[in-house]
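Dropping my_file_9.pdb in here (PDB, C-alpha atoms (C1' of nucleotides)):
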ATOM      1  CA  MET L 384      34.844 -36.957 109.385  1.00  0.00           C
ATOM      2  CA  MET L 385      34.488 -40.568 110.232  1.00  0.00           C
ATOM      3  CA  LYS L 386      34.719 -43.028 107.396  1.00  0.00           C
ATOM      4  CA  ARG L 387      31.935 -45.518 107.090  1.00  0.00           C
ATOM      5  CA  LYS L 388      33.040 -49.063 107.585  1.00  0.00           C
ATOM      6  CA  LYS L 389      32.316 -51.735 105.062  1.00  0.00           C
ATOM      7  CA  ILE L 390      28.771 -52.970 105.302  1.00  0.00           C
ATOM      8  CA  PHE L 391      29.730 -56.580 104.844  1.00  0.00           C
ATOM      9  CA  ARG L 392      32.371 -57.753 107.250  1.00  0.00           C
ATOM     10  CA  CYS L 393      32.596 -61.164 105.642  1.00  0.00           C
ATOM     11  CA  GLY L 394      34.352 -62.605 108.656  1.00  0.00           C
ATOM     12  CA  ARG L 395      35.228 -66.174 109.323  1.00  0.00           C
ATOM     13  CA  LEU L 396      32.364 -68.599 109.861  1.00  0.00           C
ATOM     14  CA  PRO L 397      32.603 -69.803 113.467  1.00  0.00           C
ATOM     15  CA  SER L 398      32.338 -73.393 114.599  1.00  0.00           C
ATOM     16  CA  GLU L 399      28.741 -72.717 115.596  1.00  0.00           C
ATOM     17  CA  PHE L 400      27.842 -72.307 111.926  1.00  0.00           C
ATOM     18  CA  PHE L 401      28.763 -75.951 111.366  1.00  0.00           C
ATOM     19  CA  ASN L 402      27.224 -77.152 114.627  1.00  0.00           C
ATOM     20  CA  ARG L 403      23.746 -77.250 113.088  1.00  0.00           C
ATOM     21  CA  PRO L 404      21.584 -79.544 110.953  1.00  0.00           C
ATOM     22  CA  THR L 405      23.760 -80.801 108.100  1.00  0.00           C
ATOM     23  CA  LEU L 406      21.260 -80.023 105.351  1.00  0.00           C
ATOM     24  CA  SER L 407      21.147 -76.377 106.439  1.00  0.00           C
ATOM     25  CA  VAL L 408      24.919 -76.162 106.517  1.00  0.00           C
ATOM     26  CA  ALA L 409      25.272 -77.841 103.124  1.00  0.00           C
ATOM     27  CA  LYS L 410      22.831 -75.406 101.496  1.00  0.00           C
ATOM     28  CA  GLU L 411      24.153 -72.317 103.231  1.00  0.00           C
ATOM     29  CA  LEU L 412      27.773 -73.087 102.375  1.00  0.00           C
ATOM     30  CA  LEU L 413      26.905 -72.375  98.746  1.00  0.00           C
ATOM     31  CA  GLY L 414      28.219 -68.910  97.928  1.00  0.00           C
ATOM     32  CA  LYS L 415      30.551 -68.799 100.925  1.00  0.00           C
ATOM     33  CA  ILE L 416      34.286 -68.237 100.433  1.00  0.00           C
ATOM     34  CA  MET L 417      36.647 -71.056 101.271  1.00  0.00           C
ATOM     35  CA  VAL L 418      40.188 -69.908 102.034  1.00  0.00           C
ATOM     36  CA  TYR L 419      43.064 -72.354 101.892  1.00  0.00           C
ATOM     37  CA  GLY L 420      46.483 -70.781 102.037  1.00  0.00           C
ATOM     38  CA  LYS L 421      46.932 -68.587  98.986  1.00  0.00           C
ATOM     39  CA  TYR L 422      43.729 -69.969  97.461  1.00  0.00           C
ATOM     40  CA  ALA L 423      40.251 -68.515  97.845  1.00  0.00           C
ATOM     41  CA  GLY L 424      37.074 -69.515  96.049  1.00  0.00           C
ATOM     42  CA  VAL L 425      33.290 -69.580  96.120  1.00  0.00           C
ATOM     43  CA  ILE L 426      31.750 -72.906  97.124  1.00  0.00           C
ATOM     44  CA  THR L 427      29.456 -74.002  94.303  1.00  0.00           C
ATOM     45  CA  GLU L 428      28.544 -77.608  95.093  1.00  0.00           C
ATOM     46  CA  THR L 429      28.080 -79.629  98.293  1.00  0.00           C
ATOM     47  CA  GLU L 430      26.708 -82.942  99.505  1.00  0.00           C
ATOM     48  CA  ALA L 431      25.384 -83.908 102.931  1.00  0.00           C
ATOM     49  CA  TYR L 432      26.272 -87.166 104.689  1.00  0.00           C
ATOM     50  CA  ILE L 433      24.260 -87.526 107.831  1.00  0.00           C
ATOM     51  CA  GLY L 434      24.846 -89.955 110.619  1.00  0.00           C
ATOM     52  CA  GLN L 435      24.728 -93.677 111.096  1.00  0.00           C
ATOM     53  CA  ASP L 436      21.291 -94.015 109.558  1.00  0.00           C
ATOM     54  CA  ASP L 437      22.532 -92.708 106.196  1.00  0.00           C
ATOM     55  CA  PRO L 438      23.805 -95.810 104.326  1.00  0.00           C
ATOM     56  CA  ALA L 439      26.009 -93.666 102.088  1.00  0.00           C
ATOM     57  CA  CYS L 440      27.767 -92.054 105.048  1.00  0.00           C
ATOM     58  CA  HIS L 441      31.168 -93.415 106.020  1.00  0.00           C
ATOM     59  CA  ALA L 442      29.913 -93.548 109.591  1.00  0.00           C
ATOM     60  CA  ALA L 443      27.014 -95.868 108.717  1.00  0.00           C
ATOM     61  CA  ARG L 444      28.891 -98.851 110.126  1.00  0.00           C
ATOM     62  CA  GLY L 445      30.207 -97.168 113.208  1.00  0.00           C
ATOM     63  CA  LYS L 446      33.346 -95.376 114.248  1.00  0.00           C
ATOM     64  CA  THR L 447      36.644 -96.383 112.651  1.00  0.00           C
ATOM     65  CA  PRO L 448      40.081 -94.746 112.538  1.00  0.00           C
ATOM     66  CA  ARG L 449      39.284 -93.227 109.152  1.00  0.00           C
ATOM     67  CA  ASN L 450      35.941 -91.644 109.991  1.00  0.00           C
ATOM     68  CA  SER L 451      36.647 -90.758 113.627  1.00  0.00           C
ATOM     69  CA  VAL L 452      36.758 -86.984 113.102  1.00  0.00           C
ATOM     70  CA  MET L 453      33.160 -87.149 111.843  1.00  0.00           C
ATOM     71  CA  PHE L 454      32.177 -88.070 115.385  1.00  0.00           C
ATOM     72  CA  GLY L 455      34.012 -85.097 116.820  1.00  0.00           C
ATOM     73  CA  PRO L 456      33.113 -81.417 117.088  1.00  0.00           C
ATOM     74  CA  ALA L 457      31.765 -79.426 114.125  1.00  0.00           C
ATOM     75  CA  GLY L 458      33.839 -77.083 111.997  1.00  0.00           C
ATOM     76  CA  VAL L 459      36.698 -79.545 111.546  1.00  0.00           C
ATOM     77  CA  SER L 460      38.023 -80.867 108.231  1.00  0.00           C
ATOM     78  CA  TYR L 461      37.440 -84.504 107.290  1.00  0.00           C
ATOM     79  CA  VAL L 462      39.715 -85.613 104.459  1.00  0.00           C
ATOM     80  CA  TYR L 463      39.848 -89.157 103.155  1.00  0.00           C
ATOM     81  CA  PHE L 464      41.614 -91.008 100.373  1.00  0.00           C
ATOM     82  CA  ILE L 465      39.545 -92.678  97.639  1.00  0.00           C
ATOM     83  CA  TYR L 466      39.953 -94.709  94.446  1.00  0.00           C
ATOM     84  CA  GLY L 467      43.662 -95.106  95.022  1.00  0.00           C
ATOM     85  CA  MET L 468      44.362 -91.643  93.683  1.00  0.00           C
ATOM     86  CA  TYR L 469      42.062 -88.932  94.985  1.00  0.00           C
ATOM     87  CA  HIS L 470      41.271 -87.113  98.181  1.00  0.00           C
ATOM     88  CA  CYS L 471      37.922 -85.632  99.217  1.00  0.00           C
ATOM     89  CA  LEU L 472      37.351 -82.695 101.541  1.00  0.00           C
ATOM     90  CA  ASN L 473      34.483 -82.451 104.023  1.00  0.00           C
ATOM     91  CA  PHE L 474      33.524 -80.195 106.888  1.00  0.00           C
ATOM     92  CA  VAL L 475      32.214 -81.918 110.010  1.00  0.00           C
ATOM     93  CA  THR L 476      28.750 -80.832 111.116  1.00  0.00           C
ATOM     94  CA  GLU L 477      26.289 -81.349 113.989  1.00  0.00           C
ATOM     95  CA  GLU L 478      26.941 -81.795 117.666  1.00  0.00           C
ATOM     96  CA  GLU L 479      29.822 -83.877 118.927  1.00  0.00           C
ATOM     97  CA  GLY L 480      28.920 -87.550 118.884  1.00  0.00           C
ATOM     98  CA  LYS L 481      26.700 -87.309 115.805  1.00  0.00           C
ATOM     99  CA  ALA L 482      28.748 -88.292 112.773  1.00  0.00           C
ATOM    100  CA  ALA L 483      27.904 -86.027 109.856  1.00  0.00           C
ATOM    101  CA  ALA L 484      29.713 -83.889 107.310  1.00  0.00           C
ATOM    102  CA  VAL L 485      29.393 -81.823 104.158  1.00  0.00           C
ATOM    103  CA  LEU L 486      31.433 -82.860 101.126  1.00  0.00           C
ATOM    104  CA  ILE L 487      32.860 -79.926  99.163  1.00  0.00           C
ATOM    105  CA  ARG L 488      32.440 -80.812  95.491  1.00  0.00           C
ATOM    106  CA  GLY L 489      32.838 -77.512  93.667  1.00  0.00           C
ATOM    107  CA  LEU L 490      34.872 -74.356  94.093  1.00  0.00           C
ATOM    108  CA  MET L 491      34.966 -71.309  91.815  1.00  0.00           C
ATOM    109  CA  LEU L 492      38.432 -69.945  92.447  1.00  0.00           C
ATOM    110  CA  LEU L 493      38.896 -66.200  92.858  1.00  0.00           C
ATOM    111  CA  GLU L 494      42.584 -66.273  93.751  1.00  0.00           C
ATOM    112  CA  PRO L 495      45.124 -66.704  92.520  1.00  0.00           C
ATOM    113  CA  SER L 496      43.450 -67.808  89.276  1.00  0.00           C
ATOM    114  CA  GLN L 497      39.823 -68.038  88.246  1.00  0.00           C
ATOM    115  CA  GLU L 498      39.170 -71.615  87.302  1.00  0.00           C
ATOM    116  CA  HIS L 499      36.204 -73.676  88.356  1.00  0.00           C
ATOM    117  CA  LEU L 500      37.234 -76.758  90.307  1.00  0.00           C
ATOM    118  CA  ASN L 501      34.267 -79.035  89.660  1.00  0.00           C
ATOM    119  CA  GLY L 502      34.598 -82.371  91.425  1.00  0.00           C
ATOM    120  CA  PRO L 503      35.933 -83.245  94.874  1.00  0.00           C
ATOM    121  CA  GLY L 504      39.003 -85.097  93.590  1.00  0.00           C
ATOM    122  CA  LYS L 505      40.095 -82.331  91.249  1.00  0.00           C
ATOM    123  CA  LEU L 506      39.474 -79.749  93.958  1.00  0.00           C
ATOM    124  CA  CYS L 507      41.789 -81.451  96.451  1.00  0.00           C
ATOM    125  CA  ARG L 508      44.419 -82.232  93.835  1.00  0.00           C
ATOM    126  CA  HIS L 509      44.568 -78.619  92.695  1.00  0.00           C
ATOM    127  CA  LEU L 510      44.767 -77.186  96.194  1.00  0.00           C
ATOM    128  CA  GLY L 511      47.137 -79.862  97.452  1.00  0.00           C
ATOM    129  CA  ILE L 512      44.779 -81.156 100.130  1.00  0.00           C
ATOM    130  CA  THR L 513      45.668 -84.598 101.474  1.00  0.00           C
ATOM    131  CA  CYS L 514      45.049 -86.711 104.568  1.00  0.00           C
ATOM    132  CA  GLU L 515      47.596 -84.521 106.362  1.00  0.00           C
ATOM    133  CA  HIS L 516      44.839 -81.934 106.412  1.00  0.00           C
ATOM    134  CA  ASN L 517      42.373 -84.206 108.175  1.00  0.00           C
ATOM    135  CA  GLY L 518      41.121 -82.947 111.520  1.00  0.00           C
ATOM    136  CA  LEU L 519      41.975 -79.239 111.153  1.00  0.00           C
ATOM    137  CA  ASP L 520      39.786 -76.800 113.083  1.00  0.00           C
ATOM    138  CA  LEU L 521      38.397 -74.243 110.640  1.00  0.00           C
ATOM    139  CA  GLY L 522      37.442 -72.039 113.561  1.00  0.00           C
ATOM    140  CA  GLN L 523      41.081 -71.702 114.605  1.00  0.00           C
ATOM    141  CA  SER L 524      43.373 -72.251 111.639  1.00  0.00           C
ATOM    142  CA  GLU L 525      45.080 -69.212 110.161  1.00  0.00           C
ATOM    143  CA  PHE L 526      45.300 -70.634 106.650  1.00  0.00           C
ATOM    144  CA  PHE L 527      42.217 -72.824 106.343  1.00  0.00           C
ATOM    145  CA  TYR L 528      38.741 -71.453 107.024  1.00  0.00           C
ATOM    146  CA  VAL L 529      35.470 -70.349 105.446  1.00  0.00           C
ATOM    147  CA  LYS L 530      34.487 -66.700 105.137  1.00  0.00           C
ATOM    148  CA  ASP L 531      30.968 -65.447 105.347  1.00  0.00           C
ATOM    149  CA  SER L 532      29.534 -63.855 102.235  1.00  0.00           C
ATOM    150  CA  PRO L 533      26.437 -61.889 101.302  1.00  0.00           C
ATOM    151  CA  LEU L 534      25.944 -64.259  98.375  1.00  0.00           C
ATOM    152  CA  SER L 535      22.980 -66.601  98.575  1.00  0.00           C
ATOM    153  CA  PRO L 536      22.854 -68.047  95.078  1.00  0.00           C
ATOM    154  CA  PRO L 537      19.927 -70.060  93.730  1.00  0.00           C
ATOM    155  CA  PHE L 538      20.637 -73.784  93.753  1.00  0.00           C
ATOM    156  CA  GLU L 539      19.065 -77.134  92.952  1.00  0.00           C
ATOM    157  CA  ALA L 540      18.939 -80.375  94.907  1.00  0.00           C
ATOM    158  CA  THR L 541      19.780 -83.724  93.268  1.00  0.00           C
ATOM    159  CA  PRO L 542      20.798 -87.235  94.313  1.00  0.00           C
ATOM    160  CA  ARG L 543      24.373 -87.570  95.507  1.00  0.00           C
ATOM    161  CA  ILE L 544      27.074 -88.649  93.068  1.00  0.00           C
ATOM    162  CA  GLY L 545      28.963 -91.921  93.057  1.00  0.00           C
ATOM    163  CA  ILE L 546      27.079 -93.762  95.776  1.00  0.00           C
ATOM    164  CA  ARG L 547      25.252 -97.066  95.609  1.00  0.00           C
ATOM    165  CA  GLN L 548      22.974 -96.690  98.585  1.00  0.00           C
ATOM    166  CA  GLY L 549      20.965 -93.662  99.598  1.00  0.00           C
ATOM    167  CA  GLN L 550      20.223 -92.453  96.085  1.00  0.00           C
ATOM    168  CA  ASP L 551      16.683 -91.604  97.119  1.00  0.00           C
ATOM    169  CA  LYS L 552      17.906 -88.616  99.131  1.00  0.00           C
ATOM    170  CA  LEU L 553      18.262 -85.289  97.311  1.00  0.00           C
ATOM    171  CA  TRP L 554      21.259 -84.256  99.369  1.00  0.00           C
ATOM    172  CA  ARG L 555      23.479 -82.785  96.661  1.00  0.00           C
ATOM    173  CA  PHE L 556      23.219 -79.033  96.248  1.00  0.00           C
ATOM    174  CA  VAL L 557      24.500 -77.257  93.169  1.00  0.00           C
ATOM    175  CA  VAL L 558      24.526 -73.556  92.374  1.00  0.00           C
ATOM    176  CA  LYS L 559      22.504 -72.952  89.237  1.00  0.00           C
ATOM    177  CA  LYS L 560      24.375 -71.726  86.228  1.00  0.00           C
ATOM    178  CA  GLU L 561      24.117 -67.994  85.776  1.00  0.00           C
ATOM    179  CA  LYS L 562      21.680 -67.110  83.078  1.00  0.00           C
ATOM    180  CA  GLN L 563      23.430 -65.538  80.126  1.00  0.00           C
ATOM    181  CA  LYS L 564      22.300 -62.080  79.161  1.00  0.00           C
TER     182      LYS L 564
ATOM    183  C1'  DA B1205      48.022-110.579 106.300  1.00  0.00           C
ATOM    184  C1'  DC B1206      44.966-110.008 102.665  1.00  0.00           C
ATOM    185  C1'  DC B1207      41.194-108.999  99.724  1.00  0.00           C
ATOM    186  C1'  DC B1208      38.022-106.062  97.540  1.00  0.00           C
ATOM    187  C1'  DC B1209      35.881-101.961  96.540  1.00  0.00           C
ATOM    188  C1'  DG B1210      35.199 -97.123  96.381  1.00  0.00           C
ATOM    189  C1'  DA B1211      31.485 -89.808  98.501  1.00  0.00           C
ATOM    190  C1'  DT B1212      36.341 -90.096  91.086  1.00  0.00           C
ATOM    191  C1'  DC B1213      37.779 -88.706  86.624  1.00  0.00           C
ATOM    192  C1'  DG B1214      38.532 -88.646  81.826  1.00  0.00           C
ATOM    193  C1'  DT B1215      37.570 -90.645  77.638  1.00  0.00           C
ATOM    194  C1'  DA B1216      34.254 -93.268  74.453  1.00  0.00           C
TER     195       DA B1216
ATOM    196  C1'  DA O 557      28.901 -96.069  79.552  1.00  0.00           C
ATOM    197  C1'  DC O 558      33.152 -97.758  81.294  1.00  0.00           C
ATOM    198  C1'  DG O 559      37.891 -98.703  82.570  1.00  0.00           C
ATOM    199  C1'  DA O 560      42.094 -97.042  85.067  1.00  0.00           C
ATOM    200  C1'  DT O 561      44.078 -97.224  89.419  1.00  0.00           C
ATOM    201  C1'  DC O 562      45.679 -98.721  94.151  1.00  0.00           C
ATOM    202  C1'  DG O 563      45.700 -97.471  99.095  1.00  0.00           C
ATOM    203  C1'  DG O 564      43.851 -98.892 103.073  1.00  0.00           C
ATOM    204  C1'  DG O 565      39.663 -99.993 105.774  1.00  0.00           C
ATOM    205  C1'  DG O 566      37.401-103.857 107.421  1.00  0.00           C
ATOM    206  C1'  DT O 567      37.579-108.277 108.211  1.00  0.00           C
ATOM    207  C1'  DT O 568      39.973-113.070 108.327  1.00  0.00           C
TER     208       DT O 568
END

Serialized structure, structure tokens:
Amino acid sequence: MMKRKKIFRCGRLPSEFFNRPTLSVAKELLGKIMVYGKYAGVITETEAYIGQDDPACHAARGKTPRNSVMFGPAGVSYVYFIYGMYHCLNFVTEEEGKAAAVLIRGLMLLEPSQEHLNGPGKLCRHLGITCEHNGLDLGQSEFFYVKDSPLSPPFEATPRIGIRQGQDKLWRFVVKKEKQK
DNA sequence: ACCCCGATCGTA
DNA sequence: ACGATCGGGGTT
């Protein structure tokens, strides 16, 4: 008798997932599983940075060596160094030539421990993500990718954190806390 | 060559 | 609410 296969394949998200409107990608990444080496966790918080018209986006003043991968194809990591001591991880979105990305701000680890990495700096520090990991193709890498998930958790939209310009946009998306029984 | 500031974090 | 911290991007 044939065994039924798992209903949810939960395969890797392809580059096409990221090659879409950034706000859609930022919202839909919530609940997905990010895999980085031995680490795996549920994405719980994201922010969208969209193109040269978004004053908070690193690409607002054009292409530079630092932000160049934002102008490239979607589904690639964009890692930058900030405040002299932290790194931040993004995933490039939209079609090649349009500079946009989603900042990963929160990760609920599943493996190998179960802590909640809240904050982009803490997240990168804990996982060991640095500028060496800038420009990696999440559609190809064996150790760094995002898995699909049946989860579609409720979330709220707020202004983005730590920016001076563009605070009018509600482009931060946070999974709501689970209600306690 | 140099200056200034930041997509943060932890403590007050 | 605020200070620590400092590399490097952007400009001189």

>> If we count only C-alpha atoms (C1' of nucleotides) and set the cut-off at 9 Å, which residues sit around segment 559-561 of chain O, ignoring sequence neighbours fewer than 2 positions away in its own chain? Please answer as a list of chain:residue names.
In response: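 In the requested format, the answer is L:Tyr466, L:Gly467, L:Met468.
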
For C-alpha atoms, I'd like the residues from the last selection saved as a short mmCIF file (atom, residue, chain, number, x, y, z; two decimals), in the coordinates of the input.
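selection.cif, written as the output of this step:
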data_model
loop_
_atom_site.label_atom_id
_atom_site.label_comp_id
_atom_site.auth_asym_id
_atom_site.auth_seq_id
_atom_site.Cartn_x
_atom_site.Cartn_y
_atom_site.Cartn_z
CA TYR L 466 39.95 -94.71 94.45
CA GLY L 467 43.66 -95.11 95.02
CA MET L 468 44.36 -91.64 93.68
#

With a distance threshold of 8 Å and counting only C-alpha atoms (C1' of nucleotides), extract the residues of chain L near chain B and express them as a list in words.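 Close enough to count are Ala439, Cys440, Ile465, Tyr466, Tyr469, Cys471, Leu486, Gly502, Pro503, Gly504, Ile544, Gly545 and Ile546 of chain L.
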
Residues of chain O within 8 Å of chain L, counting all atoms listed in the file - could you list those as a PyMOL selection string?
chain O and resi 561-563+565

So which residues get picked by the PyMOL selection byres ((chain L and resi 405) around 8) here, written as an mmCIF file with C-alpha atoms, keeping the file's coordinate frame?
data_model
loop_
_atom_site.group_PDB
_atom_site.id
_atom_site.type_symbol
_atom_site.label_atom_id
_atom_site.label_comp_id
_atom_site.auth_asym_id
_atom_site.auth_seq_id
_atom_site.Cartn_x
_atom_site.Cartn_y
_atom_site.Cartn_z
ATOM 1 C CA PHE L 401 28.763 -75.951 111.366
ATOM 2 C CA ARG L 403 23.746 -77.250 113.088
ATOM 3 C CA PRO L 404 21.584 -79.544 110.953
ATOM 4 C CA LEU L 406 21.260 -80.023 105.351
ATOM 5 C CA SER L 407 21.147 -76.377 106.439
ATOM 6 C CA VAL L 408 24.919 -76.162 106.517
ATOM 7 C CA ALA L 409 25.272 -77.841 103.124
ATOM 8 C CA ALA L 431 25.384 -83.908 102.931
ATOM 9 C CA TYR L 432 26.272 -87.166 104.689
ATOM 10 C CA ILE L 433 24.260 -87.526 107.831
ATOM 11 C CA THR L 476 28.750 -80.832 111.116
ATOM 12 C CA GLU L 477 26.289 -81.349 113.989
ATOM 13 C CA ALA L 483 27.904 -86.027 109.856
ATOM 14 C CA ALA L 484 29.713 -83.889 107.310
ATOM 15 C CA VAL L 485 29.393 -81.823 104.158
#

Work out how far atom CA of Gly434 of chain L is from atom CA of Ile416 of chain L, in Å to one decimal.
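According to the coordinates, atom CA of Ile416 of chain L and atom CA of Gly434 of chain L are separated by 25.8 Å.
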
- Task: Can you pull out every residue within 10 Å of Gly511 of chain L, counting only C-alpha atoms (C1' of nucleotides), but drop anything in the same chain fewer than 4 positions away, and send it as number ranges by chain?
- Result: L: 419, 470, 505-507, 516

Quick one: pull the distance between atom CA of Gln550 of chain L and atom CA of His441 of chain L, Å, one decimal.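 That distance, rounded to one decimal, is 14.8 Å.
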
Please determine the residues with any atom at most 10 Å from (37.2, -82.7, 116.3) (coordinates as given in the file, with all atoms listed in the file counting) and report them as a PyMOL selection string.
chain L and resi 451-461+475+479-480+517-520

### Task
Tell me, in Å to one decimal, how far atom CA of Phe538 of chain L is from atom CA of Asp437 of chain L.
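Separation between atom CA of Phe538 of chain L and atom CA of Asp437 of chain L: 22.7 Å.
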
Query raised in the report: Which of these, L:Phe400, L:Gln497, L:Tyr463, L:Gln435, has the shortest distance to DG564 of chain O once you count all atoms listed in the file?
Result: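 Among the listed residues, the smallest separation from DG564 of chain O belongs to L:Tyr463.
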
Given the point (21.3, -85.7, 98.4) in the coordinates of this file, which residues lie within 9 Å, counting only C-alpha atoms (C1' of nucleotides), and how would they look as a PyMOL selection string? chain L and resi 406+430-432+540-544+549-556

I'd like the neighbourhood of Gly424 of chain L as a ChimeraX atom specification, where a residue qualifies if any of its atoms comes within 7 Å (using only C-alpha atoms (C1' of nucleotides)), though same-chain residues fewer than 4 positions away should be ignored. /L:416-418,490-494
